[in-house]
Amino acid sequence: MSFLFGQRPQPSSAEKIAAAESEIEMVSDMYNRLVETCTRKCIPPTYREADLNKGESVCLDRCVAKFFEVNVKVSEKMQGEAATTSRAGGAGGMGGGFGM
Amino acid sequence: MERKLIEGFVEQMQLAMESCPAKSAISGVMGFGLGGMFGLFMSSMRYDTPLTAQGAEISKLPVAQQLRQGFKEMGRASWGSAKNFGMVGMIFAGTECAIEGFRAKNDLTNGVAAGCITGGALAAKAGPQAAAVGCAGFAAFSAAIDYYMRMPSDDPGNDPVM
């Protein structure tokens, strides 16, 4: 705990462990969702051969790239929303922010 | 360490083999070989008997000359057929791979479209009507072959998820 003004307290080791755990959960959840989505979208369930053919591998490349891009865009928008609502402050501002 | 390098190299080679230019080249070479065999067999059966005027002329020559002319004829026909088949194979495989890469789907329509383009390209010299006929014919041929290859087999063990 710091006694200087305007400085946030350093996270303790327990908080760091919790942050790492939640990050692992987030990443593995995103991975599972990515695999499930792209398999459902790109690979039709008639397994005539074991190797991915060209159409399927191209589809998977595009699916993964789009998934990450969607993730990034959505998180940017959410951060933007959070910034505007925190700047506006108060219940009224939050209502206005989410009402649009 | 070396094994990792070798495995990486093998994987890269496999990826290169599945690229569109490599597929097109392989198909072209196989078509060339097949066309050569086909031309050889077809030409060896197409022999002038001594009853026609040209045949009578040829049969007057000594045997060695006849053989040499026969072989030259077979070689020419074989070469022409090989070139034709090789071109067909190369164009078809290349366009089918490109269309599949563009659509990101593995369908019948890839083969049909590639067949239309191949037939049209081969018959383009003879005018637009011949190109249209070539397109339709080759597309139908390709559709028939692909449909036969993709028919689900009667053995339910082969298609586990239905």
# chains A, B, ... in the order shown; residues from 1 in each chain; ligands from 1

$ interface_residues --of "chain A" --to "chain B" --cutoff "9 Å" --atoms "only C-alpha atoms" --output "PDB file with N, CA and C atoms, in the first residue's frame"
ATOM      1  N   CYS A  42     -17.566 -24.282 -41.366  1.00  0.00           N
ATOM      2  CA  CYS A  42     -16.736 -24.583 -42.531  1.00  0.00           C
ATOM      3  C   CYS A  42     -16.691 -26.047 -42.915  1.00  0.00           C
ATOM      4  N   PRO A  45     -20.632 -32.161 -42.387  1.00  0.00           N
ATOM      5  CA  PRO A  45     -20.459 -33.417 -41.650  1.00  0.00           C
ATOM      6  C   PRO A  45     -20.450 -34.673 -42.510  1.00  0.00           C
ATOM      7  N   THR A  46     -19.982 -34.573 -43.783  1.00  0.00           N
ATOM      8  CA  THR A  46     -19.827 -35.792 -44.570  1.00  0.00           C
ATOM      9  C   THR A  46     -18.334 -36.047 -44.668  1.00  0.00           C
ATOM     10  N   TYR A  47     -17.839 -36.882 -43.774  1.00  0.00           N
ATOM     11  CA  TYR A  47     -16.391 -37.049 -43.694  1.00  0.00           C
ATOM     12  C   TYR A  47     -15.945 -38.081 -44.707  1.00  0.00           C
ATOM     13  N   ARG A  48     -15.691 -37.624 -45.929  1.00  0.00           N
ATOM     14  CA  ARG A  48     -15.280 -38.546 -46.965  1.00  0.00           C
ATOM     15  C   ARG A  48     -13.782 -38.804 -46.927  1.00  0.00           C
ATOM     16  N   ASN A  53      -9.583 -30.421 -47.330  1.00  0.00           N
ATOM     17  CA  ASN A  53      -9.323 -30.028 -48.711  1.00  0.00           C
ATOM     18  C   ASN A  53      -9.195 -28.512 -48.791  1.00  0.00           C
ATOM     19  N   LYS A  54      -8.918 -28.028 -50.020  1.00  0.00           N
ATOM     20  CA  LYS A  54      -8.514 -26.635 -50.145  1.00  0.00           C
ATOM     21  C   LYS A  54      -9.621 -25.699 -49.709  1.00  0.00           C
ATOM     22  N   GLY A  55     -10.867 -26.014 -50.090  1.00  0.00           N
ATOM     23  CA  GLY A  55     -11.980 -25.143 -49.719  1.00  0.00           C
ATOM     24  C   GLY A  55     -12.113 -25.027 -48.217  1.00  0.00           C
ATOM     25  N   GLU A  56     -12.003 -26.152 -47.523  1.00  0.00           N
ATOM     26  CA  GLU A  56     -12.143 -26.133 -46.075  1.00  0.00           C
ATOM     27  C   GLU A  56     -11.016 -25.367 -45.410  1.00  0.00           C
ATOM     28  N   SER A  57      -9.779 -25.540 -45.873  1.00  0.00           N
ATOM     29  CA  SER A  57      -8.691 -24.829 -45.186  1.00  0.00           C
ATOM     30  C   SER A  57      -8.776 -23.328 -45.438  1.00  0.00           C
ATOM     31  N   VAL A  58      -9.177 -22.928 -46.661  1.00  0.00           N
ATOM     32  CA  VAL A  58      -9.368 -21.503 -46.912  1.00  0.00           C
ATOM     33  C   VAL A  58     -10.472 -20.959 -46.019  1.00  0.00           C
ATOM     34  N   CYS A  59     -11.574 -21.738 -45.895  1.00  0.00           N
ATOM     35  CA  CYS A  59     -12.689 -21.300 -45.047  1.00  0.00           C
ATOM     36  C   CYS A  59     -12.246 -21.139 -43.604  1.00  0.00           C
ATOM     37  N   LEU A  60     -11.437 -22.086 -43.111  1.00  0.00           N
ATOM     38  CA  LEU A  60     -10.987 -21.984 -41.727  1.00  0.00           C
ATOM     39  C   LEU A  60     -10.104 -20.769 -41.509  1.00  0.00           C
ATOM     40  N   ARG A  62     -10.177 -17.941 -43.119  1.00  0.00           N
ATOM     41  CA  ARG A  62     -11.018 -16.748 -43.102  1.00  0.00           C
ATOM     42  C   ARG A  62     -11.849 -16.678 -41.832  1.00  0.00           C
TER      43      ARG A  62
END

$ atom_distance --atom1 "CA of Phe38 (chain B)" --atom2 "CA of Phe85 (chain B)"
9.4 Å

$ closest_residue --among "A:Met78, A:Val64, A:Ala14, A:Ala83" --to "Arg33 (chain A)" --atoms "only C-alpha atoms"
A:Val64

$ residues_around --residues "Arg46 (chain B)" --least-positions-apart "3" --cutoff "12 Å" --atoms "only C-alpha atoms" --output "list of chain:residue names"
B:Gly39, B:Leu40, B:Phe41, B:Met42, B:Ser43, B:Thr49, B:Gly55, B:Gly70, B:Glu73, B:Met74, B:Ala77

$ atom_distance --atom1 "CA of Phe68 (chain A)" --atom2 "CA of Arg87 (chain A)"
28.3 Å

$ closest_residue --among "A:Ile17, A:Val72, A:Ile24, A:Leu52" --to "Thr39 (chain A)" --atoms "only C-alpha atoms"
A:Leu52

$ atom_distance --atom1 "CA of Ile91 (chain B)" --atom2 "CA of Ala132 (chain B)"
16.8 Å

$ select_by_dssp --residues "chain A" --states "helix (DSSP H, G or I)" --output "ChimeraX atom specification"
/A:13-42,54-88,90-99

$ decode --residues "region 78-104 of chain B" --atoms "N, CA, C and O atoms" --output "PDB file, in the first residue's frame"
ATOM      1  N   SER B  78       0.203 -39.395 -81.537  1.00  0.00           N
ATOM      2  CA  SER B  78       0.383 -39.485 -80.089  1.00  0.00           C
ATOM      3  C   SER B  78       0.749 -38.118 -79.504  1.00  0.00           C
ATOM      4  O   SER B  78       0.226 -37.716 -78.459  1.00  0.00           O
ATOM      5  N   TRP B  79       1.661 -37.400 -80.200  1.00  0.00           N
ATOM      6  CA  TRP B  79       2.082 -36.097 -79.696  1.00  0.00           C
ATOM      7  C   TRP B  79       0.921 -35.123 -79.680  1.00  0.00           C
ATOM      8  O   TRP B  79       0.715 -34.383 -78.705  1.00  0.00           O
ATOM      9  N   GLY B  80       0.112 -35.100 -80.760  1.00  0.00           N
ATOM     10  CA  GLY B  80      -1.017 -34.175 -80.788  1.00  0.00           C
ATOM     11  C   GLY B  80      -2.021 -34.475 -79.692  1.00  0.00           C
ATOM     12  O   GLY B  80      -2.508 -33.569 -78.996  1.00  0.00           O
ATOM     13  N   SER B  81      -2.319 -35.761 -79.517  1.00  0.00           N
ATOM     14  CA  SER B  81      -3.276 -36.131 -78.483  1.00  0.00           C
ATOM     15  C   SER B  81      -2.739 -35.819 -77.088  1.00  0.00           C
ATOM     16  O   SER B  81      -3.472 -35.354 -76.214  1.00  0.00           O
ATOM     17  N   ALA B  82      -1.431 -36.050 -76.895  1.00  0.00           N
ATOM     18  CA  ALA B  82      -0.843 -35.773 -75.580  1.00  0.00           C
ATOM     19  C   ALA B  82      -0.940 -34.294 -75.250  1.00  0.00           C
ATOM     20  O   ALA B  82      -1.274 -33.902 -74.131  1.00  0.00           O
ATOM     21  N   LYS B  83      -0.641 -33.460 -76.245  1.00  0.00           N
ATOM     22  CA  LYS B  83      -0.713 -32.012 -76.004  1.00  0.00           C
ATOM     23  C   LYS B  83      -2.128 -31.601 -75.631  1.00  0.00           C
ATOM     24  O   LYS B  83      -2.349 -30.836 -74.680  1.00  0.00           O
ATOM     25  N   ASN B  84      -3.102 -32.149 -76.375  1.00  0.00           N
ATOM     26  CA  ASN B  84      -4.491 -31.791 -76.129  1.00  0.00           C
ATOM     27  C   ASN B  84      -4.927 -32.177 -74.717  1.00  0.00           C
ATOM     28  O   ASN B  84      -5.451 -31.357 -73.965  1.00  0.00           O
ATOM     29  N   PHE B  85      -4.679 -33.441 -74.375  1.00  0.00           N
ATOM     30  CA  PHE B  85      -5.091 -33.903 -73.061  1.00  0.00           C
ATOM     31  C   PHE B  85      -4.353 -33.164 -71.946  1.00  0.00           C
ATOM     32  O   PHE B  85      -4.920 -32.865 -70.891  1.00  0.00           O
ATOM     33  N   GLY B  86      -3.069 -32.900 -72.185  1.00  0.00           N
ATOM     34  CA  GLY B  86      -2.296 -32.190 -71.165  1.00  0.00           C
ATOM     35  C   GLY B  86      -2.851 -30.800 -70.928  1.00  0.00           C
ATOM     36  O   GLY B  86      -2.982 -30.354 -69.775  1.00  0.00           O
ATOM     37  N   MET B  87      -3.216 -30.119 -72.019  1.00  0.00           N
ATOM     38  CA  MET B  87      -3.798 -28.783 -71.886  1.00  0.00           C
ATOM     39  C   MET B  87      -5.113 -28.854 -71.122  1.00  0.00           C
ATOM     40  O   MET B  87      -5.363 -28.059 -70.204  1.00  0.00           O
ATOM     41  N   VAL B  88      -5.947 -29.833 -71.482  1.00  0.00           N
ATOM     42  CA  VAL B  88      -7.231 -29.975 -70.799  1.00  0.00           C
ATOM     43  C   VAL B  88      -7.030 -30.182 -69.308  1.00  0.00           C
ATOM     44  O   VAL B  88      -7.649 -29.504 -68.470  1.00  0.00           O
ATOM     45  N   GLY B  89      -6.142 -31.108 -68.964  1.00  0.00           N
ATOM     46  CA  GLY B  89      -5.908 -31.408 -67.553  1.00  0.00           C
ATOM     47  C   GLY B  89      -5.398 -30.196 -66.797  1.00  0.00           C
ATOM     48  O   GLY B  89      -5.865 -29.892 -65.693  1.00  0.00           O
ATOM     49  N   MET B  90      -4.446 -29.489 -67.420  1.00  0.00           N
ATOM     50  CA  MET B  90      -3.843 -28.349 -66.735  1.00  0.00           C
ATOM     51  C   MET B  90      -4.879 -27.260 -66.480  1.00  0.00           C
ATOM     52  O   MET B  90      -5.028 -26.758 -65.362  1.00  0.00           O
ATOM     53  N   ILE B  91      -5.632 -26.904 -67.539  1.00  0.00           N
ATOM     54  CA  ILE B  91      -6.600 -25.814 -67.389  1.00  0.00           C
ATOM     55  C   ILE B  91      -7.689 -26.202 -66.398  1.00  0.00           C
ATOM     56  O   ILE B  91      -8.075 -25.409 -65.524  1.00  0.00           O
ATOM     57  N   PHE B  92      -8.174 -27.446 -66.499  1.00  0.00           N
ATOM     58  CA  PHE B  92      -9.272 -27.846 -65.623  1.00  0.00           C
ATOM     59  C   PHE B  92      -8.838 -27.822 -64.160  1.00  0.00           C
ATOM     60  O   PHE B  92      -9.531 -27.261 -63.309  1.00  0.00           O
ATOM     61  N   ALA B  93      -7.692 -28.451 -63.879  1.00  0.00           N
ATOM     62  CA  ALA B  93      -7.257 -28.513 -62.484  1.00  0.00           C
ATOM     63  C   ALA B  93      -6.979 -27.123 -61.943  1.00  0.00           C
ATOM     64  O   ALA B  93      -7.341 -26.799 -60.802  1.00  0.00           O
ATOM     65  N   GLY B  94      -6.323 -26.282 -62.772  1.00  0.00           N
ATOM     66  CA  GLY B  94      -6.001 -24.937 -62.301  1.00  0.00           C
ATOM     67  C   GLY B  94      -7.230 -24.117 -61.986  1.00  0.00           C
ATOM     68  O   GLY B  94      -7.338 -23.496 -60.921  1.00  0.00           O
ATOM     69  N   THR B  95      -8.212 -24.140 -62.905  1.00  0.00           N
ATOM     70  CA  THR B  95      -9.398 -23.321 -62.662  1.00  0.00           C
ATOM     71  C   THR B  95     -10.233 -23.879 -61.518  1.00  0.00           C
ATOM     72  O   THR B  95     -10.802 -23.118 -60.722  1.00  0.00           O
ATOM     73  N   GLU B  96     -10.311 -25.213 -61.410  1.00  0.00           N
ATOM     74  CA  GLU B  96     -11.096 -25.765 -60.306  1.00  0.00           C
ATOM     75  C   GLU B  96     -10.477 -25.393 -58.963  1.00  0.00           C
ATOM     76  O   GLU B  96     -11.187 -25.001 -58.023  1.00  0.00           O
ATOM     77  N   CYS B  97      -9.155 -25.488 -58.860  1.00  0.00           N
ATOM     78  CA  CYS B  97      -8.486 -25.117 -57.614  1.00  0.00           C
ATOM     79  C   CYS B  97      -8.700 -23.639 -57.304  1.00  0.00           C
ATOM     80  O   CYS B  97      -8.975 -23.265 -56.161  1.00  0.00           O
ATOM     81  N   ALA B  98      -8.601 -22.769 -58.332  1.00  0.00           N
ATOM     82  CA  ALA B  98      -8.770 -21.339 -58.097  1.00  0.00           C
ATOM     83  C   ALA B  98     -10.187 -21.020 -57.644  1.00  0.00           C
ATOM     84  O   ALA B  98     -10.401 -20.241 -56.711  1.00  0.00           O
ATOM     85  N   ILE B  99     -11.181 -21.652 -58.291  1.00  0.00           N
ATOM     86  CA  ILE B  99     -12.571 -21.383 -57.918  1.00  0.00           C
ATOM     87  C   ILE B  99     -12.835 -21.862 -56.503  1.00  0.00           C
ATOM     88  O   ILE B  99     -13.522 -21.200 -55.719  1.00  0.00           O
ATOM     89  N   GLU B 100     -12.286 -23.047 -56.156  1.00  0.00           N
ATOM     90  CA  GLU B 100     -12.498 -23.557 -54.813  1.00  0.00           C
ATOM     91  C   GLU B 100     -11.840 -22.659 -53.773  1.00  0.00           C
ATOM     92  O   GLU B 100     -12.406 -22.421 -52.703  1.00  0.00           O
ATOM     93  N   GLY B 101     -10.642 -22.144 -54.084  1.00  0.00           N
ATOM     94  CA  GLY B 101      -9.979 -21.234 -53.164  1.00  0.00           C
ATOM     95  C   GLY B 101     -10.752 -19.939 -53.003  1.00  0.00           C
ATOM     96  O   GLY B 101     -10.792 -19.356 -51.924  1.00  0.00           O
ATOM     97  N   PHE B 102     -11.418 -19.511 -54.089  1.00  0.00           N
ATOM     98  CA  PHE B 102     -12.170 -18.266 -54.011  1.00  0.00           C
ATOM     99  C   PHE B 102     -13.442 -18.458 -53.207  1.00  0.00           C
ATOM    100  O   PHE B 102     -13.804 -17.642 -52.358  1.00  0.00           O
ATOM    101  N   ARG B 103     -14.178 -19.570 -53.471  1.00  0.00           N
ATOM    102  CA  ARG B 103     -15.473 -19.750 -52.817  1.00  0.00           C
ATOM    103  C   ARG B 103     -15.330 -20.280 -51.395  1.00  0.00           C
ATOM    104  O   ARG B 103     -16.263 -20.168 -50.610  1.00  0.00           O
ATOM    105  N   ALA B 104     -14.208 -20.894 -51.071  1.00  0.00           N
ATOM    106  CA  ALA B 104     -13.994 -21.524 -49.756  1.00  0.00           C
ATOM    107  C   ALA B 104     -15.015 -22.603 -49.495  1.00  0.00           C
ATOM    108  O   ALA B 104     -15.428 -22.825 -48.370  1.00  0.00           O
TER     109      ALA B 104
END
